[in-house]
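Chemist: My structure file model-v6.txt, compact mmCIF, C-alpha atoms, is below:
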```
# COMPACT_ATOMS: atom_id res chain seq x y z
CA MET J 1 57.67 -18.21 180.68
CA GLY J 2 57.86 -14.58 179.63
CA ASN J 3 55.89 -11.40 180.10
CA TYR J 4 52.39 -12.00 181.40
CA PHE J 5 49.44 -9.70 182.17
CA ASP J 6 46.08 -10.72 183.55
CA LEU J 7 42.95 -9.70 185.42
CA THR J 8 41.36 -12.41 187.53
CA TRP J 9 38.33 -12.97 189.73
CA ASP J 10 40.09 -15.81 191.55
CA ARG J 11 42.71 -15.68 194.30
CA ILE J 12 46.16 -14.83 192.93
CA ASP J 13 48.92 -17.35 193.53
CA SER J 14 52.03 -15.17 193.68
CA ARG J 15 54.27 -18.18 193.08
CA VAL J 16 52.56 -18.80 189.74
CA THR J 17 52.93 -15.11 188.85
CA ALA J 18 56.62 -15.16 189.77
CA ASP J 19 57.23 -18.35 187.81
CA HIS J 20 56.37 -16.47 184.60
CA VAL J 21 59.48 -14.30 184.94
CA ARG J 22 62.04 -16.91 185.96
CA HIS J 23 64.74 -17.80 183.47
CA GLU J 24 68.39 -18.84 183.57
CA ALA J 25 69.89 -15.39 183.02
CA ALA J 26 67.78 -13.73 185.73
CA GLY J 27 69.82 -13.22 188.89
CA ALA J 28 67.19 -11.14 190.64
CA VAL J 29 63.47 -11.67 191.06
CA VAL J 30 61.38 -9.06 192.86
CA VAL J 31 57.77 -9.81 193.71
CA PHE J 32 55.44 -7.15 195.04
CA GLU J 33 52.10 -8.09 196.55
CA GLY J 34 49.51 -5.45 197.32
CA VAL J 35 47.48 -7.07 200.05
CA VAL J 36 44.12 -6.09 201.57
CA ARG J 37 44.91 -4.69 204.99
CA ASN J 38 42.57 -4.31 207.93
CA HIS J 39 42.86 -0.54 208.24
CA HIS J 40 42.90 2.62 206.12
CA LYS J 41 43.49 6.14 207.44
CA GLY J 42 42.78 4.97 210.97
CA ARG J 43 39.52 3.19 210.13
CA SER J 44 39.01 -0.54 210.52
CA VAL J 45 38.37 -2.32 207.19
CA ASP J 46 36.51 -5.65 206.77
CA ARG J 47 36.95 -6.30 203.04
CA LEU J 48 37.38 -4.63 199.66
CA THR J 49 35.68 -4.76 196.28
CA TYR J 50 37.64 -4.07 193.10
CA GLU J 51 35.90 -3.02 189.88
CA ALA J 52 37.60 -2.49 186.51
CA TYR J 53 36.90 -1.26 183.05
CA GLU J 54 38.20 -4.64 182.06
CA PRO J 55 39.39 -4.44 178.46
CA MET J 56 41.09 -1.10 179.07
CA ALA J 57 42.58 -2.25 182.39
CA LYS J 58 44.10 -5.32 180.70
CA LYS J 59 45.48 -3.14 177.91
CA LYS J 60 46.94 -0.64 180.39
CA LEU J 61 48.64 -3.38 182.42
CA GLU J 62 50.30 -4.48 179.18
CA GLU J 63 51.30 -0.90 178.42
CA VAL J 64 52.80 -0.39 181.87
CA GLY J 65 54.80 -3.58 181.38
CA ALA J 66 55.98 -2.36 177.97
CA GLU J 67 57.00 1.00 179.44
CA ALA J 68 59.12 -0.77 182.07
CA ILE J 69 60.76 -3.02 179.49
CA GLY J 70 61.44 0.10 177.40
CA GLN J 71 63.36 1.52 180.34
CA TRP J 72 65.05 -1.71 181.43
CA PRO J 73 65.36 -3.92 178.33
CA GLU J 74 66.62 -6.99 180.22
CA LEU J 75 63.44 -7.10 182.32
CA THR J 76 60.78 -9.80 182.28
CA VAL J 77 57.44 -8.70 183.76
CA ALA J 78 54.27 -10.36 185.05
CA ILE J 79 51.35 -8.38 186.46
CA VAL J 80 48.11 -9.84 187.78
CA HIS J 81 45.30 -7.74 189.26
CA ARG J 82 42.39 -9.23 191.18
CA LEU J 83 38.76 -8.12 190.76
CA GLY J 84 35.64 -8.64 192.86
CA ASP J 85 35.37 -9.12 196.62
CA LEU J 86 38.59 -9.59 198.60
CA ALA J 87 39.07 -10.57 202.24
CA ILE J 88 41.79 -9.16 204.51
CA GLY J 89 45.14 -10.74 203.64
CA GLU J 90 44.28 -11.53 200.03
CA ALA J 91 46.44 -10.09 197.26
CA ALA J 92 44.86 -7.42 195.06
CA THR J 93 47.91 -7.03 192.84
CA VAL J 94 50.99 -9.13 192.24
CA VAL J 95 53.85 -7.70 190.22
CA ALA J 96 56.83 -9.96 189.49
CA VAL J 97 59.92 -8.82 187.62
CA SER J 98 63.20 -10.48 186.87
CA SER J 99 66.45 -8.95 185.73
CA PRO J 100 70.11 -9.94 185.64
CA HIS J 101 70.80 -7.49 188.50
CA ARG J 102 68.81 -6.46 191.53
CA GLY J 103 68.92 -2.67 191.20
CA ASN J 104 66.89 -2.69 188.01
CA ALA J 105 64.48 -5.27 189.39
CA PHE J 106 63.69 -3.09 192.43
CA ASP J 107 63.43 0.08 190.32
CA ALA J 108 61.15 -1.60 187.80
CA ALA J 109 58.79 -3.17 190.36
CA ARG J 110 58.35 0.16 192.07
CA TYR J 111 57.88 2.00 188.77
CA ILE J 112 55.23 -0.50 187.67
CA MET J 113 53.26 -0.14 190.91
CA ASP J 114 53.41 3.66 190.70
CA ARG J 115 52.16 3.59 187.12
CA ILE J 116 49.39 1.06 187.83
CA LYS J 117 47.97 3.46 190.40
CA ILE J 118 47.76 6.22 187.78
CA VAL J 119 46.79 4.68 184.46
CA VAL J 120 44.91 1.42 185.07
CA PRO J 121 41.12 1.90 185.32
CA ILE J 122 40.47 -0.12 188.47
CA TRP J 123 38.54 1.17 191.48
CA LYS J 124 38.47 -0.02 195.04
CA LYS J 125 35.56 0.12 197.47
CA GLU J 126 36.29 -0.19 201.16
CA TRP J 127 33.80 -1.88 203.48
CA PHE J 128 34.43 -0.52 206.95
CA SER J 129 33.83 -2.35 210.20
CA ASP J 130 31.30 0.30 211.20
CA GLY J 131 28.99 -0.86 208.38
CA THR J 132 29.70 2.02 205.98
CA HIS J 133 31.44 1.73 202.63
CA GLU J 134 33.20 4.10 200.32
CA TRP J 135 34.93 4.19 196.93
CA VAL J 136 38.52 5.13 197.60
CA ARG J 137 39.62 8.55 196.44
CA PRO J 138 43.34 8.16 195.94
CA ALA J 139 45.84 10.37 197.68
CA PRO J 140 49.51 9.82 196.75
CA GLN J 141 50.56 8.89 200.28
CA SER J 142 47.60 6.66 201.17
CA SER J 143 48.16 3.53 199.14
CA PRO J 144 49.82 0.21 200.04
CA MET V 145 54.58 -15.24 211.98
CA GLY V 146 57.05 -12.45 212.63
CA ASN V 147 60.68 -11.68 211.97
CA TYR V 148 62.66 -14.71 210.85
CA PHE V 149 66.34 -15.29 210.00
CA ASP V 150 67.92 -18.50 208.85
CA LEU V 151 70.77 -20.19 207.02
CA THR V 152 69.89 -23.39 205.24
CA TRP V 153 71.54 -26.16 203.24
CA ASP V 154 68.20 -27.04 201.60
CA ARG V 155 66.36 -25.34 198.75
CA ILE V 156 64.60 -22.18 199.89
CA ASP V 157 60.84 -22.02 199.42
CA SER V 158 60.18 -18.30 198.93
CA ARG V 159 56.51 -18.77 199.74
CA VAL V 160 57.38 -20.09 203.19
CA THR V 161 59.79 -17.19 203.72
CA ALA V 162 57.12 -14.67 202.65
CA ASP V 163 54.49 -16.28 204.89
CA HIS V 164 56.57 -15.28 207.94
CA VAL V 165 55.92 -11.58 207.27
CA ARG V 166 52.22 -11.68 206.40
CA HIS V 167 49.80 -10.15 208.88
CA GLU V 168 46.49 -8.31 208.74
CA ALA V 169 47.90 -4.78 208.91
CA ALA V 170 50.45 -5.38 206.13
CA GLY V 171 49.28 -3.84 202.87
CA ALA V 172 52.53 -4.44 201.03
CA VAL V 173 54.74 -7.51 200.79
CA VAL V 174 58.00 -7.32 198.83
CA VAL V 175 59.96 -10.49 198.21
CA PHE V 176 63.44 -10.41 196.72
CA GLU V 177 65.07 -13.58 195.44
CA GLY V 178 68.73 -13.65 194.52
CA VAL V 179 68.91 -16.49 192.04
CA VAL V 180 71.91 -18.32 190.59
CA ARG V 181 72.23 -17.09 187.02
CA ASN V 182 74.04 -18.77 184.15
CA HIS V 183 76.50 -15.95 183.52
CA HIS V 184 78.82 -13.53 185.34
CA LYS V 185 80.85 -10.78 183.69
CA GLY V 186 80.38 -12.40 180.33
CA ARG V 187 81.42 -15.90 181.43
CA SER V 188 79.14 -18.89 181.40
CA VAL V 189 78.44 -20.30 184.89
CA ASP V 190 77.38 -23.89 185.69
CA ARG V 191 76.76 -23.70 189.44
CA LEU V 192 77.77 -21.93 192.64
CA THR V 193 78.99 -22.92 196.08
CA TYR V 194 78.24 -20.75 199.11
CA GLU V 195 80.32 -20.96 202.28
CA ALA V 196 79.63 -19.07 205.50
CA TYR V 197 81.11 -18.37 208.87
CA GLU V 198 77.84 -19.74 210.11
CA PRO V 199 77.28 -18.42 213.64
CA MET V 200 78.42 -14.93 212.65
CA ALA V 201 76.43 -14.99 209.38
CA LYS V 202 73.26 -15.89 211.30
CA LYS V 203 73.93 -13.14 213.82
CA LYS V 204 74.60 -10.58 211.06
CA LEU V 205 71.38 -11.47 209.23
CA GLU V 206 69.55 -10.76 212.48
CA GLU V 207 71.41 -7.47 212.88
CA VAL V 208 70.60 -6.37 209.33
CA GLY V 209 66.94 -7.12 210.03
CA ALA V 210 67.11 -5.14 213.27
CA GLU V 211 68.73 -2.19 211.46
CA ALA V 212 65.89 -2.17 208.91
CA ILE V 213 63.24 -2.33 211.63
CA GLY V 214 65.05 0.50 213.39
CA GLN V 215 64.61 2.63 210.28
CA TRP V 216 61.08 1.46 209.42
CA PRO V 217 59.41 0.41 212.68
CA GLU V 218 56.28 -1.00 211.02
CA LEU V 219 58.35 -3.51 209.08
CA THR V 220 58.30 -7.29 209.45
CA VAL V 221 61.37 -9.03 208.00
CA ALA V 222 62.36 -12.56 207.00
CA ILE V 223 65.77 -13.39 205.53
CA VAL V 224 66.96 -16.84 204.48
CA HIS V 225 70.37 -17.51 202.94
CA ARG V 226 71.29 -20.77 201.27
CA LEU V 227 74.64 -22.55 201.74
CA GLY V 228 76.39 -25.32 199.83
CA ASP V 229 76.10 -26.20 196.13
CA LEU V 230 73.43 -24.43 194.09
CA ALA V 231 72.27 -25.10 190.53
CA ILE V 232 71.29 -22.39 188.04
CA GLY V 233 67.83 -21.01 188.90
CA GLU V 234 68.00 -21.86 192.60
CA ALA V 235 67.60 -19.06 195.15
CA ALA V 236 70.70 -18.14 197.15
CA THR V 237 68.91 -15.47 199.19
CA VAL V 238 65.27 -14.71 199.87
CA VAL V 239 64.34 -11.48 201.63
CA ALA V 240 60.67 -10.88 202.44
CA VAL V 241 59.39 -7.71 204.08
CA SER V 242 55.93 -6.46 204.86
CA SER V 243 54.80 -2.98 205.73
CA PRO V 244 51.52 -1.08 205.80
CA HIS V 245 52.67 0.88 202.71
CA ARG V 246 54.68 -0.11 199.67
CA GLY V 247 57.31 2.65 199.63
CA ASN V 248 58.84 1.48 202.91
CA ALA V 249 58.65 -2.16 201.84
CA PHE V 250 60.64 -1.47 198.65
CA ASP V 251 63.15 0.74 200.48
CA ALA V 252 63.66 -1.83 203.21
CA ALA V 253 64.10 -4.84 200.92
CA ARG V 254 66.71 -2.96 198.92
CA TYR V 255 68.46 -1.74 202.06
CA ILE V 256 68.59 -5.25 203.47
CA MET V 257 70.13 -6.70 200.30
CA ASP V 258 72.72 -3.91 200.16
CA ARG V 259 73.68 -4.54 203.78
CA ILE V 260 73.82 -8.33 203.41
CA LYS V 261 76.43 -7.90 200.70
CA ILE V 262 78.62 -5.87 203.07
CA VAL V 263 78.32 -7.35 206.54
CA VAL V 264 77.32 -11.01 206.30
CA PRO V 265 80.31 -13.39 206.14
CA ILE V 266 79.22 -15.55 203.22
CA TRP V 267 81.39 -16.29 200.21
CA LYS V 268 80.46 -17.50 196.77
CA LYS V 269 82.52 -19.69 194.46
CA GLU V 270 81.63 -19.75 190.79
CA TRP V 271 82.10 -22.90 188.73
CA PHE V 272 82.48 -21.81 185.12
CA SER V 273 81.48 -23.83 182.08
CA ASP V 274 85.12 -23.88 180.94
CA GLY V 275 86.00 -26.05 183.97
CA THR V 276 87.65 -23.33 186.05
CA HIS V 277 86.35 -21.98 189.35
CA GLU V 278 86.89 -18.86 191.36
CA TRP V 279 85.89 -17.27 194.65
CA VAL V 280 83.98 -14.12 193.76
CA ARG V 281 85.70 -10.84 194.56
CA PRO V 282 82.80 -8.46 194.97
CA ALA V 283 82.48 -5.31 192.91
CA PRO V 284 79.57 -3.01 193.75
CA GLN V 285 78.04 -3.21 190.28
CA SER V 286 78.46 -6.94 189.71
CA SER V 287 75.94 -8.54 192.02
CA PRO V 288 72.39 -9.76 191.35
CA MET P 289 102.29 -13.95 229.75
CA ASN P 290 101.01 -14.76 226.28
CA VAL P 291 97.48 -14.75 224.89
CA LYS P 292 96.31 -17.82 223.00
CA VAL P 293 93.93 -17.28 220.10
CA GLN P 294 92.25 -19.49 217.53
CA VAL P 295 92.45 -18.05 213.99
CA ARG P 296 89.88 -19.30 211.50
CA TYR P 297 90.09 -19.16 207.66
CA PHE P 298 87.23 -19.28 205.16
CA ALA P 299 86.67 -19.56 201.43
CA LEU P 300 89.63 -18.41 199.32
CA LEU P 301 91.80 -18.09 202.40
CA ARG P 302 90.94 -21.60 203.56
CA GLU P 303 91.74 -23.01 200.12
CA THR P 304 94.96 -21.04 199.66
CA THR P 305 96.32 -21.97 203.08
CA GLY P 306 94.97 -25.50 202.86
CA SER P 307 93.88 -25.01 206.44
CA GLU P 308 90.69 -24.31 208.36
CA GLY P 309 92.68 -22.30 210.84
CA GLU P 310 95.50 -22.29 213.33
CA LYS P 311 96.18 -21.68 217.00
CA TYR P 312 98.61 -18.88 217.80
CA SER P 313 100.20 -17.53 220.92
CA PHE P 314 101.13 -13.84 221.07
CA PRO P 315 102.57 -11.48 223.69
CA GLN P 316 99.92 -9.62 225.67
CA GLY P 317 98.98 -6.35 223.97
CA THR P 318 99.15 -7.77 220.42
CA THR P 319 96.67 -5.98 218.13
CA ILE P 320 94.79 -7.14 215.06
CA LEU P 321 97.17 -5.02 212.96
CA GLU P 322 100.09 -7.00 214.34
CA LEU P 323 98.23 -10.28 213.83
CA ARG P 324 97.57 -9.31 210.23
CA THR P 325 101.31 -8.68 209.70
CA GLN P 326 102.35 -11.88 211.48
CA LEU P 327 99.99 -14.07 209.51
CA GLY P 328 101.28 -12.51 206.30
CA SER P 329 104.92 -13.09 207.15
CA HIS P 330 104.09 -16.63 208.24
CA ARG P 331 102.26 -17.32 204.99
CA PRO P 332 103.46 -14.96 202.22
CA GLU P 333 101.04 -16.57 199.71
CA VAL P 334 98.05 -14.99 201.46
CA MET P 335 99.52 -11.51 202.00
CA GLU P 336 97.25 -9.92 199.38
CA ILE P 337 94.09 -11.62 200.69
CA LEU P 338 95.00 -10.56 204.22
CA SER P 339 95.45 -6.96 203.13
CA GLU P 340 91.84 -6.86 201.87
CA ALA P 341 90.36 -8.89 204.71
CA ARG P 342 88.44 -7.67 207.74
CA PHE P 343 88.78 -9.43 211.06
CA ALA P 344 86.06 -10.58 213.42
CA VAL P 345 86.54 -11.52 217.05
CA ASN P 346 83.89 -13.63 218.69
CA GLU P 347 81.46 -12.96 215.79
CA ASP P 348 81.80 -9.18 215.56
CA PHE P 349 83.96 -7.10 213.27
CA VAL P 350 86.87 -5.40 215.02
CA ASP P 351 89.30 -2.82 213.70
CA ASP P 352 93.08 -3.01 213.51
CA SER P 353 93.52 -1.43 216.94
CA TYR P 354 91.68 -4.24 218.75
CA VAL P 355 93.91 -5.87 221.38
CA LEU P 356 93.71 -9.67 221.43
CA ALA P 357 92.48 -11.32 224.60
CA ASP P 358 93.25 -14.84 225.71
CA GLY P 359 90.80 -17.31 224.18
CA ASP P 360 89.66 -15.04 221.35
CA PHE P 361 88.22 -16.71 218.29
CA VAL P 362 89.56 -14.64 215.39
CA ALA P 363 87.92 -15.03 211.99
CA VAL P 364 89.63 -13.64 208.91
CA ILE P 365 86.90 -12.28 206.62
CA PRO P 366 87.93 -11.77 202.97
CA PRO P 367 85.56 -9.49 201.02
CA VAL P 368 82.14 -11.14 201.27
CA SER P 369 80.01 -12.07 198.26
CA GLY P 370 76.80 -13.46 199.69
CA GLY P 371 73.28 -12.41 198.77
CA MET Q 372 24.36 14.91 161.08
CA ASN Q 373 24.82 13.77 164.68
CA VAL Q 374 27.37 11.41 166.22
CA LYS Q 375 26.06 8.63 168.42
CA VAL Q 376 28.25 7.59 171.34
CA GLN Q 377 27.96 5.11 174.16
CA VAL Q 378 28.95 6.56 177.54
CA ARG Q 379 29.99 4.10 180.23
CA TYR Q 380 30.09 4.68 184.03
CA PHE Q 381 32.11 2.80 186.62
CA ALA Q 382 32.46 2.54 190.39
CA LEU Q 383 31.28 5.63 192.27
CA LEU Q 384 29.86 7.13 189.10
CA ARG Q 385 27.92 3.97 188.31
CA GLU Q 386 26.50 3.86 191.82
CA THR Q 387 25.65 7.56 191.98
CA THR Q 388 23.89 7.57 188.62
CA GLY Q 389 22.34 4.17 189.22
CA SER Q 390 23.32 3.43 185.64
CA GLU Q 391 25.99 1.46 183.81
CA GLY Q 392 25.92 4.03 181.05
CA GLU Q 393 23.83 5.84 178.47
CA LYS Q 394 23.66 6.40 174.74
CA TYR Q 395 23.90 10.01 173.60
CA SER Q 396 23.63 11.78 170.30
CA PHE Q 397 25.58 15.00 169.80
CA PRO Q 398 26.17 17.43 166.94
CA GLN Q 399 29.25 16.66 164.88
CA GLY Q 400 32.32 18.42 166.31
CA THR Q 401 31.32 17.88 169.94
CA THR Q 402 34.41 17.60 172.16
CA ILE Q 403 35.05 15.73 175.39
CA LEU Q 404 34.95 19.09 177.19
CA GLU Q 405 31.43 19.66 175.89
CA LEU Q 406 30.44 16.10 176.77
CA ARG Q 407 31.74 16.62 180.31
CA THR Q 408 29.58 19.77 180.63
CA GLN Q 409 26.49 18.14 179.12
CA LEU Q 410 26.70 15.09 181.39
CA GLY Q 411 27.04 17.40 184.38
CA SER Q 412 24.06 19.53 183.47
CA HIS Q 413 22.02 16.40 182.74
CA ARG Q 414 22.99 14.88 186.12
CA PRO Q 415 23.92 17.62 188.62
CA GLU Q 416 24.57 14.99 191.34
CA VAL Q 417 27.72 13.82 189.54
CA MET Q 418 29.12 17.24 188.62
CA GLU Q 419 31.96 16.97 191.14
CA ILE Q 420 32.91 13.44 190.12
CA LEU Q 421 32.91 14.49 186.47
CA SER Q 422 35.18 17.44 187.22
CA GLU Q 423 37.82 15.05 188.57
CA ALA Q 424 37.31 12.31 185.99
CA ARG Q 425 39.40 11.54 182.94
CA PHE Q 426 37.79 10.24 179.77
CA ALA Q 427 38.79 7.29 177.63
CA VAL Q 428 37.63 6.64 174.09
CA ASN Q 429 37.97 3.12 172.74
CA GLU Q 430 40.24 2.16 175.67
CA ASP Q 431 42.68 5.05 175.53
CA PHE Q 432 42.74 8.22 177.55
CA VAL Q 433 41.82 11.33 175.54
CA ASP Q 434 42.01 14.97 176.55
CA ASP Q 435 39.24 17.54 176.61
CA SER Q 436 39.91 18.65 173.04
CA TYR Q 437 39.11 15.23 171.56
CA VAL Q 438 36.28 15.44 169.00
CA LEU Q 439 33.73 12.64 169.32
CA ALA Q 440 33.32 10.30 166.35
CA ASP Q 441 30.23 8.29 165.53
CA GLY Q 442 30.27 4.95 167.38
CA ASP Q 443 32.79 6.01 170.04
CA PHE Q 444 32.73 4.10 173.30
CA VAL Q 445 33.37 6.77 175.94
CA ALA Q 446 34.38 5.63 179.43
CA VAL Q 447 34.27 8.11 182.29
CA ILE Q 448 37.26 7.31 184.53
CA PRO Q 449 37.05 8.73 188.07
CA PRO Q 450 40.42 8.80 189.87
CA VAL Q 451 41.64 5.20 189.91
CA SER Q 452 42.56 3.31 193.07
CA GLY Q 453 43.76 -0.08 191.89
CA GLY Q 454 47.00 -1.75 192.84
```
Using structure tokens, write down the structure that the file contains.

Modeler:
Amino acid sequence: MGNYFDLTWDRIDSRVTADHVRHEAAGAVVVFEGVVRNHHKGRSVDRLTYEAYEPMAKKKLEEVGAEAIGQWPELTVAIVHRLGDLAIGEAATVVAVSSPHRGNAFDAARYIMDRIKIVVPIWKKEWFSDGTHEWVRPAPQSSP
Amino acid sequence: MGNYFDLTWDRIDSRVTADHVRHEAAGAVVVFEGVVRNHHKGRSVDRLTYEAYEPMAKKKLEEVGAEAIGQWPELTVAIVHRLGDLAIGEAATVVAVSSPHRGNAFDAARYIMDRIKIVVPIWKKEWFSDGTHEWVRPAPQSSP
Amino acid sequence: MNVKVQVRYFALLRETTGSEGEKYSFPQGTTILELRTQLGSHRPEVMEILSEARFAVNEDFVDDSYVLADGDFVAVIPPVSGG
Amino acid sequence: MNVKVQVRYFALLRETTGSEGEKYSFPQGTTILELRTQLGSHRPEVMEILSEARFAVNEDFVDDSYVLADGDFVAVIPPVSGG
């Protein structure tokens, strides 16, 4: 139990991620799952591949967690990011936070996701149903 | 799969609740768990008892879900509320929402929790470690 | 002619009254505001709870101007604390 | 005396260059800005990607004024899309 940060090539079990942040003083647990969806900007998607600069990505996940705890000291944080090939419906990211109260838990989970998308060196390739593929160029409004 | 609303006297399995909202177009899943914590306003808490006006509580959970879907039409919503005696660490409420994008999923989960605490006829009794007990009189800033 | 209603108590109100609820008979045209006052004069110990409570008829909140109909199921809803 | 650095490519940049990275030797005092320009002139096909990329040295982002040190591990970070 406690803060936890990991990159994994295996399927993420969000229950295991959430269990890291549970403790007796935590009245609120918020779990966010970023899941591979079957469409992006109107195009049909078959699967995704995630690539990371692994040691830096791990370090940045830890830093994002530390930033959140700096803002909300009562927070406990677990972040797991998947790498490799993912099918539709599989989780790419799971963020779990606990806090005595729900407002901070929601704020922190959202903050963490926003920061992950800026500072963690992980890239996503989309494999479209029409046979083409493309590394995603992020636009602020386009992400799950 | 789809929208789901329930009251239960058994332990809530948040994974089962979340599974109701998963589908292939959902890129974001947010799960909120309101968990019995071991303290309230500085007092040590041993356990809680939840009582509901059951038919109305069920109906109001459904209405809160419908309100959220009215605001965010791409949403799928599952809400389960526990009744009876709960130990520390057990979930009293689980709200799971999915959406193509994460912003709406966070907004909706928070909206749903805020509304539940206003319109759903469920009451909570706290059993304190000093042997006393008390029906909770809600204050906006006091809830998990 | 009178209207007969079933009044239901929950939580703190159930414990304070020692009752799950009561059947009442009121003159036609009685409103929730009048019911609120009557219940309070009948049971002074719950006056304060009643003043903070909302009322629901047949599973929907109603305001003080609601006129009771025969057969209504009236739930007294003290401030809720679920979630 | 020159500084030797290891430059590492990822994702789109790795695929476009067909390379995981390269070793370079630069005059002492070379900045990230100069490295960015040199890589672009060496590989015109990635000029646009480089213009949008950030650079990290030894696992931390650095800005264009950073002066390369001997042994630096320089990662070119195109806009990220994790999460």

Chemist: Just to confirm, what's the straight-line distance from CA of Asp351 in chain P to CA of Leu321 in chain P in Å (one decimal)?

Modeler: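 Taking CA of Asp351 in chain P and CA of Leu321 in chain P, their separation equals 8.2 Å.
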
Chemist: Residues within 8 Å of (41.2, 2.4, 178.0), file coordinates, counting all atoms listed in the file: what are they? Give the list as a list of chain:residue names.

Modeler: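 Residues with an atom close enough to that point: J:Tyr53, J:Pro55, J:Met56, J:Ala57, J:Lys59, J:Lys60, J:Pro121, Q:Ala427, Q:Val428, Q:Asn429, Q:Glu430, Q:Asp431, Q:Phe432, Q:Ala446.
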
Chemist: Do you have, as a Markdown table, the list of residues of chain J lying at most 8 Å from chain V, each with its nearest atom pair and that distance in Å to one decimal, counting all atoms listed in the file and ordered by chain then number?

Modeler:
```
| residue | atom | partner | partner_atom | distance |
| --- | --- | --- | --- | --- |
| J:Arg15 | CA | V:Arg159 | CA | 7.1 |
| J:Arg22 | CA | V:Gly233 | CA | 7.7 |
| J:His23 | CA | V:Gly233 | CA | 7.0 |
| J:Glu24 | CA | V:Arg181 | CA | 5.5 |
| J:Ala25 | CA | V:Arg181 | CA | 4.9 |
| J:Ala26 | CA | V:Arg181 | CA | 5.7 |
| J:Gly27 | CA | V:Val179 | CA | 4.6 |
| J:Ala28 | CA | V:Gly178 | CA | 4.9 |
| J:Val29 | CA | V:Glu177 | CA | 5.0 |
| J:Val30 | CA | V:Phe176 | CA | 4.6 |
| J:Val31 | CA | V:Val175 | CA | 5.1 |
| J:Phe32 | CA | V:Val174 | CA | 4.6 |
| J:Glu33 | CA | V:Val173 | CA | 5.0 |
| J:Gly34 | CA | V:Ala172 | CA | 4.9 |
| J:Val35 | CA | V:Gly171 | CA | 4.7 |
| J:Val36 | CA | V:Gly171 | CA | 5.8 |
| J:Arg37 | CA | V:Gly171 | CA | 4.9 |
| J:Asn38 | CA | V:Ala169 | CA | 5.4 |
| J:His39 | CA | V:Ala169 | CA | 6.6 |
| J:Ile88 | CA | V:Glu168 | CA | 6.4 |
| J:Gly89 | CA | V:Glu168 | CA | 5.8 |
| J:Pro100 | CA | V:Pro288 | CA | 6.2 |
| J:His101 | CA | V:Pro288 | CA | 4.0 |
| J:Arg102 | CA | V:Pro288 | CA | 4.9 |
| J:Gly103 | CA | V:Pro288 | CA | 7.9 |
| J:Phe106 | CA | V:Phe250 | CA | 7.1 |
| J:Arg110 | CA | V:Phe250 | CA | 7.2 |
| J:Ser142 | CA | V:His245 | CA | 7.8 |
| J:Ser143 | CA | V:His245 | CA | 6.3 |
| J:Pro144 | CA | V:His245 | CA | 4.0 |
```

Chemist: Extending 5 Å beyond the listed atoms of range 228-246 of chain V on each side, what axis-aligned box results? I want centre and edge lengths in Å to one decimal, as JSON.

Modeler:
```
{"center_x": 64.0, "center_y": -12.7, "center_z": 196.9, "size_x": 34.9, "size_y": 37.1, "size_z": 27.8}
```

Chemist: Tell me, in Å to one decimal, how far CA of Val119 in chain J is from CA of Leu421 in chain Q.

Modeler: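 A separation of 17.1 Å between them.
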
Chemist: Which residues are close to Val374 in chain Q, i.e. within 12 Å by all atoms listed in the file, leaving aside same-chain residues fewer than 3 positions away? Reply as a compact mmCIF listing (two decimals) with C-alpha atoms, in the frame of the given file.

Modeler:
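Result written to out_37.txt:
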```
# COMPACT_ATOMS: atom_id res chain seq x y z
CA GLN Q 377 27.96 5.11 174.16
CA LYS Q 394 23.66 6.40 174.74
CA TYR Q 395 23.90 10.01 173.60
CA SER Q 396 23.63 11.78 170.30
CA PHE Q 397 25.58 15.00 169.80
CA PRO Q 398 26.17 17.43 166.94
CA GLN Q 399 29.25 16.66 164.88
CA GLY Q 400 32.32 18.42 166.31
CA THR Q 401 31.32 17.88 169.94
CA THR Q 402 34.41 17.60 172.16
CA LEU Q 406 30.44 16.10 176.77
CA VAL Q 438 36.28 15.44 169.00
CA LEU Q 439 33.73 12.64 169.32
CA ALA Q 440 33.32 10.30 166.35
CA ASP Q 441 30.23 8.29 165.53
CA GLY Q 442 30.27 4.95 167.38
CA ASP Q 443 32.79 6.01 170.04
CA PHE Q 444 32.73 4.10 173.30
```

Chemist: Counting only C-alpha atoms, figure out which residue out of V:Glu270, V:Asp163, V:Glu278, V:Glu218 gets nearest to Val189 in chain V.

Modeler: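 The shortest atom-to-atom distance to Val189 in chain V comes from V:Glu270.
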
Chemist: If I take CA of Gly42 in chain J and CA of Leu383 in chain Q, how far is one from the other in Å, to one decimal?

Modeler: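 If I compute the distance from CA of Gly42 in chain J to CA of Leu383 in chain Q, I get 22.0 Å.
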
Chemist: Select residues of chain P: the criterion is any atom within 6 Å of an atom of chain V, counting only C-alpha atoms; output as a list of chain:residue names.

Modeler: P:Glu347, P:Val368, P:Ser369, P:Gly370, P:Gly371

Chemist: Counting only C-alpha atoms, which of J:Asp46, J:Lys41, J:Arg11, J:Val21 gets nearest to Leu75 in chain J?

Modeler: J:Val21

Chemist: List every protein, DNA or RNA residue that has at least one atom no more than 9 Å from (28.3, 13.0, 179.5) in the file's coordinates, counting all atoms listed in the file, and write the result as number ranges by chain.

Modeler: Q: 378, 393, 395, 403, 405-414, 421, 445, 447
